[in-house]
Amino acid sequence: TPIASPQNAIALSTLQDLNPPESISFLQWMLVSVPFCIVALVACFLFVWFLIRPTEKELTAIEAYSIKLQFAHYYILGVALITVLLWFLEGKIENFTGNIGITALIPVICYFGAGYLTVKDFDSLSWNILMLMGGGLALGYAIQASSLLDIISNELADLVEPYSVWIVMLAFTTLVLTIGTFISSTVAAIVILPIVANVGQEIGHARMLVLACVIMCSGAMALPVSSFPNANSFAVKNQDSGRSVLKVVDYLKVGLPIGVFLIAECQTILYVITTL
């Protein structure tokens, strides 16, 4: 859906900022994304299944138990929901809240300030992963501030100008996959989608190109730094060894082929649906 991720919201905002503004309705988004995601889900599941080949016949049963919700539970859930709501409304309240990272400090202050998290919890945080994600964000903003990405994208736009929209889409989805692999998907959307939208409007296909590229922002997953879900999974530790369950090579051998597959899917399924 258009609100399923921050980069989706950024895509809609980018289209609205065009002159003249363009938009994608909720229904139009779903008509493209639902068939696309169904094919992607089945293909990704089969690929990961055959690649890993799990040997376990069944999972260890976990005993269910019930708990009585108390004030602490409501407090934690309430803070989390408020934070997520502020993230979704970022574009409308940015002048008040500032950077989205400031909003992310709300649960940190509330949980640690109220004593639900302690110094021990603070020390046990995966600071290496946080530094990894912070480095990716810094890299993204540095590329944006230096106009390096503008130069690359403008050169790419000039290069593909004589070609069809299919070729232009292929060029931009490949660019997004490459850039989005090394910086987070949200930062990739922030720095790339405005350029994609402007080029797309010039050739009369802004919505098609933005939709394809925002999907590829989520499809860039070949490194732990590529997205917050990747970073969270990289932070999962083996209880016996204390090391990460996943290694960087695991992301590469799974993320790269899936990224290439998603480009192929954009060039077929998405292209056909958006041109009907």
# chains A, B, ... in the order shown; residues from 1 in each chain; ligands from 1

call {"tool": "residues_around", "arguments": {"residues": "A:Lys247", "least_positions_apart": "3", "cutoff": "10 Å", "atoms": "only C-alpha atoms", "output": "PyMOL selection string"}}
result
chain A and resi 223-224+234+243-244+250-252

call {"tool": "atom_distance", "arguments": {"atom1": "atom CA of A:Ala264", "atom2": "atom CA of A:Pro21"}}
result
28.8 Å

call {"tool": "residues_around", "arguments": {"residues": "stretch 51-59 of chain A", "least_positions_apart": "6", "cutoff": "12 Å", "atoms": "only C-alpha atoms", "output": "PyMOL selection string"}}
result
chain A and resi 44-45+250+253-255+257-258

call {"tool": "write_last_selection", "arguments": {"atoms": "N, CA and C atoms", "output": "PDB file, in the first residue's frame"}}
result
ATOM      1  N   CYS A  44      10.448 -15.400  -4.461  1.00  0.00           N
ATOM      2  CA  CYS A  44      11.456 -15.241  -3.407  1.00  0.00           C
ATOM      3  C   CYS A  44      11.424 -16.413  -2.437  1.00  0.00           C
ATOM      4  N   PHE A  45      10.222 -16.867  -2.094  1.00  0.00           N
ATOM      5  CA  PHE A  45      10.110 -18.015  -1.189  1.00  0.00           C
ATOM      6  C   PHE A  45      10.764 -19.256  -1.795  1.00  0.00           C
ATOM      7  N   ASP A 250      25.604 -14.054   3.252  1.00  0.00           N
ATOM      8  CA  ASP A 250      24.230 -14.541   3.138  1.00  0.00           C
ATOM      9  C   ASP A 250      23.347 -13.510   2.435  1.00  0.00           C
ATOM     10  N   LYS A 253      24.387 -13.450  -1.472  1.00  0.00           N
ATOM     11  CA  LYS A 253      23.954 -14.563  -2.327  1.00  0.00           C
ATOM     12  C   LYS A 253      22.443 -14.668  -2.449  1.00  0.00           C
ATOM     13  N   VAL A 254      21.712 -14.040  -1.535  1.00  0.00           N
ATOM     14  CA  VAL A 254      20.251 -14.018  -1.637  1.00  0.00           C
ATOM     15  C   VAL A 254      19.762 -12.694  -2.219  1.00  0.00           C
ATOM     16  N   GLY A 255      20.302 -11.587  -1.715  1.00  0.00           N
ATOM     17  CA  GLY A 255      19.804 -10.264  -2.101  1.00  0.00           C
ATOM     18  C   GLY A 255      20.086  -9.884  -3.537  1.00  0.00           C
ATOM     19  N   PRO A 257      20.565 -11.855  -6.397  1.00  0.00           N
ATOM     20  CA  PRO A 257      19.674 -12.504  -7.371  1.00  0.00           C
ATOM     21  C   PRO A 257      18.229 -12.018  -7.275  1.00  0.00           C
ATOM     22  N   ILE A 258      17.743 -11.801  -6.051  1.00  0.00           N
ATOM     23  CA  ILE A 258      16.370 -11.324  -5.894  1.00  0.00           C
ATOM     24  C   ILE A 258      16.242  -9.909  -6.459  1.00  0.00           C
TER      25      ILE A 258
END

call {"tool": "closest_residue", "arguments": {"among": "A:Gly204, A:Gly180, A:Pro6, A:Gly242", "to": "A:Val225", "atoms": "only C-alpha atoms"}}
result
A:Gly180

call {"tool": "residues_around", "arguments": {"residues": "A:Leu18", "least_positions_apart": "6", "cutoff": "12 Å", "atoms": "only C-alpha atoms", "output": "ChimeraX atom specification"}}
result
/A:11-12,193-202,206-207,210

call {"tool": "residues_around", "arguments": {"residues": "A:Cys217", "least_positions_apart": "5", "cutoff": "7 Å", "atoms": "only C-alpha atoms", "output": "mmCIF file with N, CA, C and O atoms, in the first residue's frame"}}
result
data_model
loop_
_atom_site.group_PDB
_atom_site.id
_atom_site.type_symbol
_atom_site.label_atom_id
_atom_site.label_comp_id
_atom_site.auth_asym_id
_atom_site.auth_seq_id
_atom_site.Cartn_x
_atom_site.Cartn_y
_atom_site.Cartn_z
ATOM 1 N N VAL A 176 18.815 2.546 -9.036
ATOM 2 C CA VAL A 176 18.249 2.486 -7.690
ATOM 3 C C VAL A 176 18.739 1.239 -6.962
ATOM 4 O O VAL A 176 19.079 1.296 -5.768
ATOM 5 N N LEU A 177 18.776 0.109 -7.654
ATOM 6 C CA LEU A 177 19.254 -1.125 -7.029
ATOM 7 C C LEU A 177 20.705 -0.976 -6.581
ATOM 8 O O LEU A 177 21.081 -1.415 -5.482
ATOM 9 N N GLY A 180 20.791 1.868 -3.723
ATOM 10 C CA GLY A 180 20.053 1.423 -2.552
ATOM 11 C C GLY A 180 20.706 0.277 -1.810
ATOM 12 O O GLY A 180 20.391 0.024 -0.643
ATOM 13 N N SER A 185 17.196 2.049 2.210
ATOM 14 C CA SER A 185 16.159 2.211 1.195
ATOM 15 C C SER A 185 15.465 3.565 1.315
ATOM 16 O O SER A 185 15.120 4.193 0.310
ATOM 17 N N ALA A 188 17.791 6.218 -0.052
ATOM 18 C CA ALA A 188 17.827 6.073 -1.505
ATOM 19 C C ALA A 188 16.603 6.716 -2.142
ATOM 20 O O ALA A 188 16.705 7.388 -3.183
ATOM 21 N N ALA A 189 15.439 6.538 -1.513
ATOM 22 C CA ALA A 189 14.220 7.151 -2.037
ATOM 23 C C ALA A 189 14.295 8.674 -1.963
ATOM 24 O O ALA A 189 13.879 9.373 -2.890
#

call {"tool": "select_by_dssp", "arguments": {"residues": "stretch 17-222 of chain A", "states": "helix (DSSP H, G or I)", "output": "mmCIF file with C-alpha atoms, in the first residue's frame"}}
result
data_model
loop_
_atom_site.group_PDB
_atom_site.id
_atom_site.type_symbol
_atom_site.label_atom_id
_atom_site.label_comp_id
_atom_site.auth_asym_id
_atom_site.auth_seq_id
_atom_site.Cartn_x
_atom_site.Cartn_y
_atom_site.Cartn_z
ATOM 1 C CA PHE A 26 -4.771 4.097 -3.377
ATOM 2 C CA LEU A 27 -6.644 1.856 -5.834
ATOM 3 C CA GLN A 28 -4.169 2.481 -8.665
ATOM 4 C CA TRP A 29 -1.286 1.642 -6.351
ATOM 5 C CA MET A 30 -2.967 -1.605 -5.251
ATOM 6 C CA LEU A 31 -3.797 -2.640 -8.819
ATOM 7 C CA VAL A 32 -0.080 -2.551 -9.616
ATOM 8 C CA SER A 33 1.419 -3.710 -6.318
ATOM 9 C CA VAL A 34 -0.832 -6.687 -5.495
ATOM 10 C CA PRO A 35 -0.071 -8.830 -8.586
ATOM 11 C CA PHE A 36 3.558 -7.675 -8.475
ATOM 12 C CA CYS A 37 3.958 -8.676 -4.831
ATOM 13 C CA ILE A 38 2.202 -12.021 -5.256
ATOM 14 C CA VAL A 39 4.649 -13.052 -7.984
ATOM 15 C CA ALA A 40 7.611 -11.657 -6.033
ATOM 16 C CA LEU A 41 6.564 -13.423 -2.822
ATOM 17 C CA VAL A 42 6.214 -16.825 -4.458
ATOM 18 C CA ALA A 43 9.456 -16.470 -6.419
ATOM 19 C CA CYS A 44 11.456 -15.241 -3.407
ATOM 20 C CA PHE A 45 10.110 -18.015 -1.189
ATOM 21 C CA LEU A 46 11.021 -20.720 -3.696
ATOM 22 C CA PHE A 47 14.481 -19.234 -4.289
ATOM 23 C CA VAL A 48 15.338 -18.959 -0.581
ATOM 24 C CA TRP A 49 13.900 -22.419 0.109
ATOM 25 C CA PHE A 50 15.993 -24.135 -2.561
ATOM 26 C CA LEU A 51 19.078 -22.110 -1.660
ATOM 27 C CA ILE A 52 19.027 -22.854 2.063
ATOM 28 C CA PHE A 71 -0.025 -0.006 32.628
ATOM 29 C CA ALA A 72 3.537 -0.759 31.441
ATOM 30 C CA HIS A 73 2.250 -2.687 28.429
ATOM 31 C CA TYR A 74 -0.164 0.069 27.437
ATOM 32 C CA TYR A 75 2.541 2.682 27.940
ATOM 33 C CA ILE A 76 5.036 0.875 25.705
ATOM 34 C CA LEU A 77 2.460 0.166 23.009
ATOM 35 C CA GLY A 78 1.167 3.740 23.145
ATOM 36 C CA VAL A 79 4.627 5.270 22.710
ATOM 37 C CA ALA A 80 5.365 2.898 19.820
ATOM 38 C CA LEU A 81 2.093 3.718 18.039
ATOM 39 C CA ILE A 82 2.594 7.469 18.486
ATOM 40 C CA THR A 83 6.116 7.194 17.055
ATOM 41 C CA VAL A 84 4.917 5.235 14.018
ATOM 42 C CA LEU A 85 2.091 7.720 13.470
ATOM 43 C CA LEU A 86 4.554 10.620 13.531
ATOM 44 C CA TRP A 87 6.721 8.794 10.993
ATOM 45 C CA PHE A 88 3.762 8.461 8.629
ATOM 46 C CA GLU A 90 6.552 13.252 8.661
ATOM 47 C CA GLY A 91 5.928 15.196 5.468
ATOM 48 C CA LYS A 92 3.179 17.287 7.098
ATOM 49 C CA ILE A 93 4.901 17.975 10.441
ATOM 50 C CA GLU A 94 8.535 18.111 9.343
ATOM 51 C CA ASN A 95 8.756 21.837 10.094
ATOM 52 C CA PHE A 96 7.776 21.076 13.687
ATOM 53 C CA THR A 97 9.611 17.793 14.359
ATOM 54 C CA ILE A 100 12.840 11.850 11.188
ATOM 55 C CA GLY A 101 15.695 10.773 13.467
ATOM 56 C CA ILE A 102 14.472 13.232 16.110
ATOM 57 C CA THR A 103 11.108 11.469 16.123
ATOM 58 C CA ALA A 104 12.932 8.179 16.628
ATOM 59 C CA LEU A 105 14.314 9.540 19.907
ATOM 60 C CA ILE A 106 10.817 9.629 21.435
ATOM 61 C CA PRO A 107 10.734 5.921 22.459
ATOM 62 C CA VAL A 108 14.360 6.131 23.604
ATOM 63 C CA ILE A 109 13.551 8.994 25.964
ATOM 64 C CA CYS A 110 10.218 7.555 27.104
ATOM 65 C CA TYR A 111 11.399 3.988 27.716
ATOM 66 C CA PHE A 112 14.695 4.825 29.381
ATOM 67 C CA GLY A 113 13.251 7.842 31.197
ATOM 68 C CA VAL A 119 21.687 1.136 31.582
ATOM 69 C CA LYS A 120 22.298 -2.571 31.092
ATOM 70 C CA ASP A 121 19.861 -2.574 28.178
ATOM 71 C CA PHE A 122 21.590 0.493 26.757
ATOM 72 C CA ASP A 123 24.998 -1.180 26.933
ATOM 73 C CA TRP A 127 26.015 -0.406 18.479
ATOM 74 C CA ASN A 128 27.921 -1.860 15.553
ATOM 75 C CA ILE A 129 24.641 -2.190 13.637
ATOM 76 C CA LEU A 130 23.537 1.294 14.661
ATOM 77 C CA MET A 131 26.854 2.708 13.462
ATOM 78 C CA LEU A 132 26.448 0.760 10.231
ATOM 79 C CA MET A 133 23.013 2.258 9.604
ATOM 80 C CA GLY A 134 24.180 5.709 10.673
ATOM 81 C CA GLY A 135 27.064 5.473 8.227
ATOM 82 C CA GLY A 136 24.638 4.572 5.454
ATOM 83 C CA LEU A 137 22.452 7.583 6.260
ATOM 84 C CA ALA A 138 25.495 9.869 6.374
ATOM 85 C CA LEU A 139 26.669 8.494 3.028
ATOM 86 C CA GLY A 140 23.274 9.164 1.500
ATOM 87 C CA TYR A 141 23.119 12.753 2.703
ATOM 88 C CA ALA A 142 26.739 13.321 1.612
ATOM 89 C CA ILE A 143 25.915 12.136 -1.902
ATOM 90 C CA GLN A 144 22.896 14.420 -1.949
ATOM 91 C CA ALA A 145 24.777 17.460 -0.599
ATOM 92 C CA LEU A 148 27.134 13.615 -7.029
ATOM 93 C CA LEU A 149 23.883 11.742 -7.506
ATOM 94 C CA ASP A 150 22.444 14.630 -9.517
ATOM 95 C CA ILE A 151 25.422 14.476 -11.860
ATOM 96 C CA ILE A 152 25.132 10.698 -12.277
ATOM 97 C CA SER A 153 21.377 10.781 -12.819
ATOM 98 C CA ASN A 154 21.489 13.716 -15.223
ATOM 99 C CA GLU A 155 24.187 12.028 -17.266
ATOM 100 C CA LEU A 156 22.094 8.853 -17.250
ATOM 101 C CA ALA A 157 19.015 10.806 -18.352
ATOM 102 C CA ASP A 158 20.942 12.354 -21.259
ATOM 103 C CA LEU A 159 22.270 8.927 -22.171
ATOM 104 C CA VAL A 160 18.853 7.244 -22.359
ATOM 105 C CA VAL A 165 10.532 4.440 -21.796
ATOM 106 C CA TRP A 166 11.247 0.715 -21.272
ATOM 107 C CA ILE A 167 14.987 1.412 -21.557
ATOM 108 C CA VAL A 168 14.695 4.467 -19.313
ATOM 109 C CA MET A 169 12.934 2.367 -16.666
ATOM 110 C CA LEU A 170 15.630 -0.295 -16.897
ATOM 111 C CA ALA A 171 18.352 2.307 -16.462
ATOM 112 C CA PHE A 172 16.754 3.915 -13.413
ATOM 113 C CA THR A 173 15.748 0.671 -11.684
ATOM 114 C CA THR A 174 19.330 -0.555 -12.105
ATOM 115 C CA LEU A 175 20.618 2.732 -10.665
ATOM 116 C CA VAL A 176 18.249 2.486 -7.690
ATOM 117 C CA LEU A 177 19.254 -1.125 -7.029
ATOM 118 C CA THR A 178 22.940 -0.159 -7.072
ATOM 119 C CA ILE A 179 22.635 2.941 -4.890
ATOM 120 C CA GLY A 180 20.053 1.423 -2.552
ATOM 121 C CA THR A 181 22.332 -1.511 -1.800
ATOM 122 C CA PHE A 182 24.922 0.723 -0.135
ATOM 123 C CA SER A 185 16.159 2.211 1.195
ATOM 124 C CA THR A 186 14.615 5.333 2.742
ATOM 125 C CA VAL A 187 17.658 7.496 2.015
ATOM 126 C CA ALA A 188 17.827 6.073 -1.505
ATOM 127 C CA ALA A 189 14.220 7.151 -2.037
ATOM 128 C CA ILE A 190 14.942 10.639 -0.682
ATOM 129 C CA VAL A 191 17.893 11.294 -2.981
ATOM 130 C CA ILE A 192 16.864 9.439 -6.150
ATOM 131 C CA LEU A 193 13.081 9.694 -6.547
ATOM 132 C CA PRO A 194 12.971 13.483 -7.166
ATOM 133 C CA ILE A 195 15.389 13.043 -10.067
ATOM 134 C CA VAL A 196 13.424 10.082 -11.427
ATOM 135 C CA ALA A 197 10.173 12.048 -11.180
ATOM 136 C CA ASN A 198 11.577 15.066 -13.043
ATOM 137 C CA VAL A 199 12.991 12.939 -15.855
ATOM 138 C CA GLY A 200 9.780 10.921 -15.977
ATOM 139 C CA GLN A 201 7.650 14.044 -16.312
ATOM 140 C CA GLU A 202 9.769 15.220 -19.227
ATOM 141 C CA ILE A 203 9.046 12.009 -21.131
ATOM 142 C CA ALA A 206 6.556 10.109 -14.168
ATOM 143 C CA ARG A 207 4.164 7.802 -12.298
ATOM 144 C CA MET A 208 5.449 4.666 -14.006
ATOM 145 C CA LEU A 209 9.102 5.429 -13.319
ATOM 146 C CA VAL A 210 8.556 6.551 -9.720
ATOM 147 C CA LEU A 211 6.481 3.460 -8.946
ATOM 148 C CA ALA A 212 9.102 1.148 -10.439
ATOM 149 C CA CYS A 213 11.963 2.877 -8.639
ATOM 150 C CA VAL A 214 10.263 2.989 -5.233
ATOM 151 C CA ILE A 215 9.681 -0.751 -5.499
ATOM 152 C CA MET A 216 13.362 -1.206 -6.290
ATOM 153 C CA CYS A 217 14.253 0.866 -3.205
ATOM 154 C CA SER A 218 12.734 -1.959 -1.172
ATOM 155 C CA GLY A 219 14.234 -4.540 -3.528
#
